[in-house]
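K.L.:
Before I ask anything, here is the structure I am working with.
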Amino acid sequence: MQICEERAISMVEDEEGFRYPKIDRKKCISCGMCQAVCPYPGGALPTHQIRTAYGGHHKDRETQKESTSGGAFTAFVNTWCTGDYAIFGAAQEGCSVFHTYITDKALISRFQKSKYTQSVMGTAYADAKKFLAEGKKVLFSGTPCQIAGLRAYLRGENCGGLLTVEVICEGVPSPWYLKKFDAYLRERYGCGIRTLDYRNKDKPKWDFSIMRVELENGKSIYIDRWFNPFFTLWIGGLMSRPSCYNCPYIASTGAADITLGDLWGIHIHCPELYDKNRGASLILTHTEKGSNALLMAQTELDGHPLQTDTIMTYQKRLRTSIDANPDRSAFMRDLISLDYKSICRKWAKPPSLKLLWQKYVWGNRQKIWLWNVFHHS
């Protein structure tokens, strides 16, 4: 859409709520630019292997609290963004998520916290290209496919000042779910969603993934991960964008200079970084530029290098796309036609007693406590 100088392409939602390009044939001059920057049907753009792996968390407790994982993204912003720069990321207002930029890293809170919704890209690629042409440094964050889209759009022009950061992606859910959830809240409380923190750390309970919903009237609602219909349905592969089930941009072969995610498996391979369940980041670099940026960011991080083979064991999305669910078509029909409560009653399965025991009675915290007892005895 952004490469078309004739403005002949718009992004239009399909019946599932996902946006796809639509060409206005009256405006199209058949220049071929849209096909030139699209990786399909010829396949994905070239990606990079992992150069280094690092695990840790930000030294500043407030930064760590306001980040979904360990605050690594803020460390990269603080140390790499000097002089004239622009930072791009996904921001959320109510139920809407969109890509935008800031030119003052003091405003980084706009991009902290994960947003499990596909962002509207708008003019972000064109804006980044303009800043790069002006000689500014640009840090651009997004999902692997969004970073690949930026690289295709720029076609290698003025990329010396560009640092790209991708997040480990679990696929993007249909916007219909959030719309139905918001409608349910409006019916029950008389107002909708003001802010949505999918994995709040007020407790702190990083690996419990507690959702905090702040309503427009100021009321906050907390929903535990294992009793949250959103995670049950999304992680169950019932409502992701169809292309996510066969993603060519899995993060182990990064489209970006740097990959960021949660340091899962921390209680097994590096319990010393668990940090009382405040959150920990996994950092992968794929290019020399990414590795140099990590060296600078380490001045704000507590952590250490990790073995790639070890972390891959606990990072399924670094190895494969999300699993397709054979019931997806049936679920999506219900998601479109039923109300929120009916959808949850029919499709959101309650957690098993075995799972609840593993998470609440004999979970990561207890395993790490036991490790500390024997390690320091």
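Chain identifiers are assigned as A, B, and so on, following the order in which chains appear in the structure tokens; residues are numbered from 1 within each chain, and ligands are numbered from 1 in order of appearance.
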If you count only C-alpha atoms, which residues fall within 9 Å of stretch 183-188 of chain A, apart from same-chain ones fewer than 6 positions away, as a PyMOL selection string?

P.N.:
chain A and resi 215+339-341

K.L.:
Can you tell me, as a PyMOL selection string, which residues in stretch 31-216 of chain A count as strand (DSSP E) by DSSP?

P.N.:
chain A and resi 52-58+85-93+96-102+137-142+162-167+193-200+210-215

K.L.:
When DSSP is applied to the backbone of this structure, which of stretch 148-192 of chain A are assigned helix (DSSP H, G or I)? Write them out as an MDAnalysis selection string.

P.N.:
chainID A and resid 148:154 175:189

K.L.:
For A:Leu162, list every protein, DNA or RNA residue within 7 Å, evaluated using only C-alpha atoms, and leave out those in the same chain fewer than 6 positions away; present the list as number ranges by chain.

P.N.:
A: 137-139

K.L.:
How would the residues just chosen look if you wrote them out with N, CA and C atoms as a PDB file, in the first residue's frame?

P.N.:
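Output saved as selection-v2.pdb:
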```
ATOM      1  N   LYS A 137      18.954   8.401  12.687  1.00  0.00           N
ATOM      2  CA  LYS A 137      18.953   6.999  13.071  1.00  0.00           C
ATOM      3  C   LYS A 137      17.506   6.569  13.297  1.00  0.00           C
ATOM      4  N   VAL A 138      17.186   5.365  12.880  1.00  0.00           N
ATOM      5  CA  VAL A 138      15.827   4.835  13.040  1.00  0.00           C
ATOM      6  C   VAL A 138      15.892   3.470  13.698  1.00  0.00           C
ATOM      7  N   LEU A 139      15.208   3.325  14.826  1.00  0.00           N
ATOM      8  CA  LEU A 139      15.012   2.028  15.455  1.00  0.00           C
ATOM      9  C   LEU A 139      13.570   1.622  15.185  1.00  0.00           C
TER      10      LEU A 139
END
```

K.L.:
Any idea what's packed within 10 Å of stretch 222-232 of chain A, counting only C-alpha atoms, ignoring anything in its chain fewer than 3 positions away? Could you give it as a PDB file with N, CA, C and O atoms, in the first residue's frame?

P.N.:
```pdb
ATOM      1  N   PRO A 173      -4.222 -12.675  16.618  1.00  0.00           N
ATOM      2  CA  PRO A 173      -5.616 -13.117  16.687  1.00  0.00           C
ATOM      3  C   PRO A 173      -6.554 -12.189  15.923  1.00  0.00           C
ATOM      4  O   PRO A 173      -6.235 -11.028  15.667  1.00  0.00           O
ATOM      5  N   TYR A 177     -12.352 -10.863  18.392  1.00  0.00           N
ATOM      6  CA  TYR A 177     -12.399 -11.250  19.800  1.00  0.00           C
ATOM      7  C   TYR A 177     -12.398 -10.022  20.701  1.00  0.00           C
ATOM      8  O   TYR A 177     -13.216  -9.906  21.619  1.00  0.00           O
ATOM      9  N   LEU A 178     -11.486  -9.099  20.444  1.00  0.00           N
ATOM     10  CA  LEU A 178     -11.389  -7.909  21.290  1.00  0.00           C
ATOM     11  C   LEU A 178     -12.649  -7.051  21.173  1.00  0.00           C
ATOM     12  O   LEU A 178     -13.101  -6.456  22.156  1.00  0.00           O
ATOM     13  N   PHE A 181     -15.239  -8.740  23.295  1.00  0.00           N
ATOM     14  CA  PHE A 181     -14.905  -8.552  24.708  1.00  0.00           C
ATOM     15  C   PHE A 181     -15.254  -7.137  25.159  1.00  0.00           C
ATOM     16  O   PHE A 181     -15.839  -6.926  26.225  1.00  0.00           O
ATOM     17  N   ASP A 197      -3.516  -4.366  29.413  1.00  0.00           N
ATOM     18  CA  ASP A 197      -2.193  -4.908  29.691  1.00  0.00           C
ATOM     19  C   ASP A 197      -2.327  -6.420  29.749  1.00  0.00           C
ATOM     20  O   ASP A 197      -2.820  -6.973  30.729  1.00  0.00           O
ATOM     21  N   TYR A 198      -1.913  -7.075  28.667  1.00  0.00           N
ATOM     22  CA  TYR A 198      -2.129  -8.511  28.565  1.00  0.00           C
ATOM     23  C   TYR A 198      -1.383  -9.298  29.638  1.00  0.00           C
ATOM     24  O   TYR A 198      -1.824 -10.372  30.039  1.00  0.00           O
ATOM     25  N   ARG A 199      -0.226  -8.756  30.082  1.00  0.00           N
ATOM     26  CA  ARG A 199       0.581  -9.489  31.063  1.00  0.00           C
ATOM     27  C   ARG A 199       1.104  -8.495  32.093  1.00  0.00           C
ATOM     28  O   ARG A 199       2.243  -8.051  32.032  1.00  0.00           O
ATOM     29  N   ASN A 200       0.239  -8.195  33.020  1.00  0.00           N
ATOM     30  CA  ASN A 200       0.525  -7.188  34.033  1.00  0.00           C
ATOM     31  C   ASN A 200       1.457  -7.737  35.115  1.00  0.00           C
ATOM     32  O   ASN A 200       1.405  -8.915  35.457  1.00  0.00           O
ATOM     33  N   ASP A 207       5.555 -14.777  35.018  1.00  0.00           N
ATOM     34  CA  ASP A 207       5.192 -15.993  34.291  1.00  0.00           C
ATOM     35  C   ASP A 207       3.757 -16.453  34.567  1.00  0.00           C
ATOM     36  O   ASP A 207       3.322 -17.476  34.067  1.00  0.00           O
ATOM     37  N   PHE A 208       2.975 -15.670  35.332  1.00  0.00           N
ATOM     38  CA  PHE A 208       1.559 -15.969  35.524  1.00  0.00           C
ATOM     39  C   PHE A 208       0.695 -15.308  34.448  1.00  0.00           C
ATOM     40  O   PHE A 208      -0.466 -15.660  34.283  1.00  0.00           O
ATOM     41  N   SER A 209       1.249 -14.336  33.716  1.00  0.00           N
ATOM     42  CA  SER A 209       0.549 -13.675  32.609  1.00  0.00           C
ATOM     43  C   SER A 209      -0.851 -13.200  33.013  1.00  0.00           C
ATOM     44  O   SER A 209      -1.864 -13.586  32.428  1.00  0.00           O
ATOM     45  N   ILE A 210      -0.900 -12.360  34.020  1.00  0.00           N
ATOM     46  CA  ILE A 210      -2.175 -11.836  34.501  1.00  0.00           C
ATOM     47  C   ILE A 210      -2.593 -10.618  33.670  1.00  0.00           C
ATOM     48  O   ILE A 210      -1.836  -9.663  33.541  1.00  0.00           O
ATOM     49  N   MET A 211      -3.770 -10.665  33.083  1.00  0.00           N
ATOM     50  CA  MET A 211      -4.261  -9.556  32.263  1.00  0.00           C
ATOM     51  C   MET A 211      -4.916  -8.484  33.140  1.00  0.00           C
ATOM     52  O   MET A 211      -5.706  -8.809  34.027  1.00  0.00           O
ATOM     53  N   ARG A 212      -4.565  -7.232  32.883  1.00  0.00           N
ATOM     54  CA  ARG A 212      -5.208  -6.112  33.571  1.00  0.00           C
ATOM     55  C   ARG A 212      -5.972  -5.284  32.555  1.00  0.00           C
ATOM     56  O   ARG A 212      -5.413  -4.782  31.593  1.00  0.00           O
ATOM     57  N   VAL A 213      -7.269  -5.168  32.759  1.00  0.00           N
ATOM     58  CA  VAL A 213      -8.132  -4.376  31.893  1.00  0.00           C
ATOM     59  C   VAL A 213      -8.547  -3.132  32.655  1.00  0.00           C
ATOM     60  O   VAL A 213      -9.196  -3.222  33.702  1.00  0.00           O
ATOM     61  N   GLU A 214      -8.155  -1.957  32.170  1.00  0.00           N
ATOM     62  CA  GLU A 214      -8.614  -0.709  32.776  1.00  0.00           C
ATOM     63  C   GLU A 214      -9.773  -0.167  31.946  1.00  0.00           C
ATOM     64  O   GLU A 214      -9.638   0.056  30.740  1.00  0.00           O
ATOM     65  N   ILE A 235      -3.840 -19.189  22.051  1.00  0.00           N
ATOM     66  CA  ILE A 235      -2.749 -20.156  22.074  1.00  0.00           C
ATOM     67  C   ILE A 235      -3.222 -21.508  21.552  1.00  0.00           C
ATOM     68  O   ILE A 235      -2.434 -22.310  21.046  1.00  0.00           O
ATOM     69  N   GLY A 236      -4.527 -21.750  21.636  1.00  0.00           N
ATOM     70  CA  GLY A 236      -5.082 -22.988  21.097  1.00  0.00           C
ATOM     71  C   GLY A 236      -5.180 -23.003  19.587  1.00  0.00           C
ATOM     72  O   GLY A 236      -5.640 -24.006  19.007  1.00  0.00           O
ATOM     73  N   GLY A 237      -4.757 -21.927  18.920  1.00  0.00           N
ATOM     74  CA  GLY A 237      -4.725 -21.896  17.462  1.00  0.00           C
ATOM     75  C   GLY A 237      -6.069 -21.742  16.804  1.00  0.00           C
ATOM     76  O   GLY A 237      -6.237 -22.072  15.625  1.00  0.00           O
ATOM     77  N   LEU A 238      -7.053 -21.180  17.542  1.00  0.00           N
ATOM     78  CA  LEU A 238      -8.407 -21.107  17.006  1.00  0.00           C
ATOM     79  C   LEU A 238      -8.713 -19.834  16.241  1.00  0.00           C
ATOM     80  O   LEU A 238      -9.674 -19.800  15.464  1.00  0.00           O
ATOM     81  N   MET A 239      -7.940 -18.756  16.444  1.00  0.00           N
ATOM     82  CA  MET A 239      -8.366 -17.492  15.839  1.00  0.00           C
ATOM     83  C   MET A 239      -7.228 -16.648  15.276  1.00  0.00           C
ATOM     84  O   MET A 239      -7.352 -15.432  15.158  1.00  0.00           O
ATOM     85  N   TYR A 340     -19.988 -12.561  23.280  1.00  0.00           N
ATOM     86  CA  TYR A 340     -18.772 -12.947  24.006  1.00  0.00           C
ATOM     87  C   TYR A 340     -19.018 -14.098  24.987  1.00  0.00           C
ATOM     88  O   TYR A 340     -18.272 -15.083  25.012  1.00  0.00           O
ATOM     89  N   ILE A 343     -19.511 -17.425  23.243  1.00  0.00           N
ATOM     90  CA  ILE A 343     -18.247 -17.921  22.690  1.00  0.00           C
ATOM     91  C   ILE A 343     -17.418 -18.590  23.779  1.00  0.00           C
ATOM     92  O   ILE A 343     -16.883 -19.690  23.596  1.00  0.00           O
ATOM     93  N   CYS A 344     -17.317 -17.928  24.928  1.00  0.00           N
ATOM     94  CA  CYS A 344     -16.509 -18.464  26.023  1.00  0.00           C
ATOM     95  C   CYS A 344     -17.086 -19.761  26.578  1.00  0.00           C
ATOM     96  O   CYS A 344     -16.351 -20.709  26.885  1.00  0.00           O
ATOM     97  N   ARG A 345     -18.400 -19.807  26.730  1.00  0.00           N
ATOM     98  CA  ARG A 345     -19.036 -21.019  27.252  1.00  0.00           C
ATOM     99  C   ARG A 345     -18.793 -22.209  26.330  1.00  0.00           C
ATOM    100  O   ARG A 345     -18.578 -23.326  26.788  1.00  0.00           O
ATOM    101  N   TRP A 347     -16.321 -22.510  23.827  1.00  0.00           N
ATOM    102  CA  TRP A 347     -14.984 -22.807  23.346  1.00  0.00           C
ATOM    103  C   TRP A 347     -13.862 -22.690  24.378  1.00  0.00           C
ATOM    104  O   TRP A 347     -12.804 -23.306  24.200  1.00  0.00           O
ATOM    105  N   ALA A 348     -14.014 -21.917  25.419  1.00  0.00           N
ATOM    106  CA  ALA A 348     -12.933 -21.715  26.393  1.00  0.00           C
ATOM    107  C   ALA A 348     -12.960 -22.826  27.435  1.00  0.00           C
ATOM    108  O   ALA A 348     -13.786 -22.815  28.347  1.00  0.00           O
ATOM    109  N   LYS A 349     -12.065 -23.768  27.325  1.00  0.00           N
ATOM    110  CA  LYS A 349     -12.034 -24.909  28.235  1.00  0.00           C
ATOM    111  C   LYS A 349     -11.353 -24.540  29.550  1.00  0.00           C
ATOM    112  O   LYS A 349     -10.322 -23.876  29.558  1.00  0.00           O
ATOM    113  N   PRO A 350     -11.898 -24.966  30.682  1.00  0.00           N
ATOM    114  CA  PRO A 350     -11.275 -24.673  31.986  1.00  0.00           C
ATOM    115  C   PRO A 350      -9.977 -25.460  32.139  1.00  0.00           C
ATOM    116  O   PRO A 350      -9.799 -26.522  31.536  1.00  0.00           O
ATOM    117  N   PRO A 351      -9.048 -24.963  32.966  1.00  0.00           N
ATOM    118  CA  PRO A 351      -7.774 -25.664  33.166  1.00  0.00           C
ATOM    119  C   PRO A 351      -7.965 -26.960  33.950  1.00  0.00           C
ATOM    120  O   PRO A 351      -8.873 -27.072  34.771  1.00  0.00           O
ATOM    121  N   SER A 352      -7.105 -27.919  33.678  1.00  0.00           N
ATOM    122  CA  SER A 352      -7.168 -29.195  34.397  1.00  0.00           C
ATOM    123  C   SER A 352      -6.561 -29.044  35.788  1.00  0.00           C
ATOM    124  O   SER A 352      -5.789 -28.116  36.059  1.00  0.00           O
ATOM    125  N   LEU A 355      -2.780 -29.158  35.596  1.00  0.00           N
ATOM    126  CA  LEU A 355      -2.157 -27.895  35.199  1.00  0.00           C
ATOM    127  C   LEU A 355      -2.135 -26.905  36.362  1.00  0.00           C
ATOM    128  O   LEU A 355      -1.121 -26.235  36.595  1.00  0.00           O
ATOM    129  N   LEU A 356      -3.239 -26.805  37.092  1.00  0.00           N
ATOM    130  CA  LEU A 356      -3.296 -25.889  38.223  1.00  0.00           C
ATOM    131  C   LEU A 356      -2.275 -26.272  39.295  1.00  0.00           C
ATOM    132  O   LEU A 356      -1.660 -25.396  39.917  1.00  0.00           O
ATOM    133  N   LYS A 359       1.163 -25.132  38.037  1.00  0.00           N
ATOM    134  CA  LYS A 359       1.372 -23.685  37.970  1.00  0.00           C
ATOM    135  C   LYS A 359       1.327 -23.014  39.339  1.00  0.00           C
ATOM    136  O   LYS A 359       2.043 -22.046  39.574  1.00  0.00           O
TER     137      LYS A 359
END
```

K.L.:
Give me the residues near A:His304 as a VMD selection string, where near means some atom within 9 Å (using only C-alpha atoms) and where sequence neighbours in that chain fewer than 5 positions away do not count.

P.N.:
chain A and resid 53 to 56 273 298

K.L.:
Restricting the calculation to only C-alpha atoms, which member of A:Lys179, A:Arg7, A:Lys105, A:Lys205 is positioned closest to A:Cys34?

P.N.:
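Closest residue, counting only C-alpha atoms: A:Arg7.
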
K.L.:
Return the single residue from A:Ala8, A:Val77, A:Leu306, A:Met296 that is closest to A:Lys22, with distances computed using only C-alpha atoms.

P.N.:
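Using only C-alpha atoms, A:Lys22 sits closest to A:Ala8.
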
K.L.:
Report as JSON lines the residues of stretch 215-283 of chain A within 12 Å of stretch 143-158 of chain A, each with its shortest atom pair and distance in Å (one decimal), using only C-alpha atoms, ordered by chain and increasing residue number.

P.N.:
```
{"residue": "A:Ser243", "atom": "CA", "partner": "A:Cys145", "partner_atom": "CA", "distance": 10.4}
{"residue": "A:Cys244", "atom": "CA", "partner": "A:Cys145", "partner_atom": "CA", "distance": 9.7}
{"residue": "A:Asn246", "atom": "CA", "partner": "A:Cys145", "partner_atom": "CA", "distance": 11.9}
{"residue": "A:Cys247", "atom": "CA", "partner": "A:Cys145", "partner_atom": "CA", "distance": 8.4}
{"residue": "A:Pro248", "atom": "CA", "partner": "A:Cys145", "partner_atom": "CA", "distance": 8.3}
{"residue": "A:Tyr249", "atom": "CA", "partner": "A:Pro144", "partner_atom": "CA", "distance": 5.8}
{"residue": "A:Ile250", "atom": "CA", "partner": "A:Pro144", "partner_atom": "CA", "distance": 7.2}
{"residue": "A:Ala251", "atom": "CA", "partner": "A:Pro144", "partner_atom": "CA", "distance": 6.8}
{"residue": "A:Ser252", "atom": "CA", "partner": "A:Pro144", "partner_atom": "CA", "distance": 10.4}
{"residue": "A:Thr253", "atom": "CA", "partner": "A:Pro144", "partner_atom": "CA", "distance": 9.7}
{"residue": "A:Gly254", "atom": "CA", "partner": "A:Pro144", "partner_atom": "CA", "distance": 7.1}
{"residue": "A:Ala255", "atom": "CA", "partner": "A:Ala148", "partner_atom": "CA", "distance": 5.6}
{"residue": "A:Ala256", "atom": "CA", "partner": "A:Ile147", "partner_atom": "CA", "distance": 6.2}
{"residue": "A:Asp257", "atom": "CA", "partner": "A:Ile147", "partner_atom": "CA", "distance": 9.6}
{"residue": "A:Ile258", "atom": "CA", "partner": "A:Pro144", "partner_atom": "CA", "distance": 10.1}
{"residue": "A:Thr259", "atom": "CA", "partner": "A:Pro144", "partner_atom": "CA", "distance": 8.6}
{"residue": "A:Leu260", "atom": "CA", "partner": "A:Thr143", "partner_atom": "CA", "distance": 10.0}
{"residue": "A:Gly261", "atom": "CA", "partner": "A:Thr143", "partner_atom": "CA", "distance": 11.0}
```
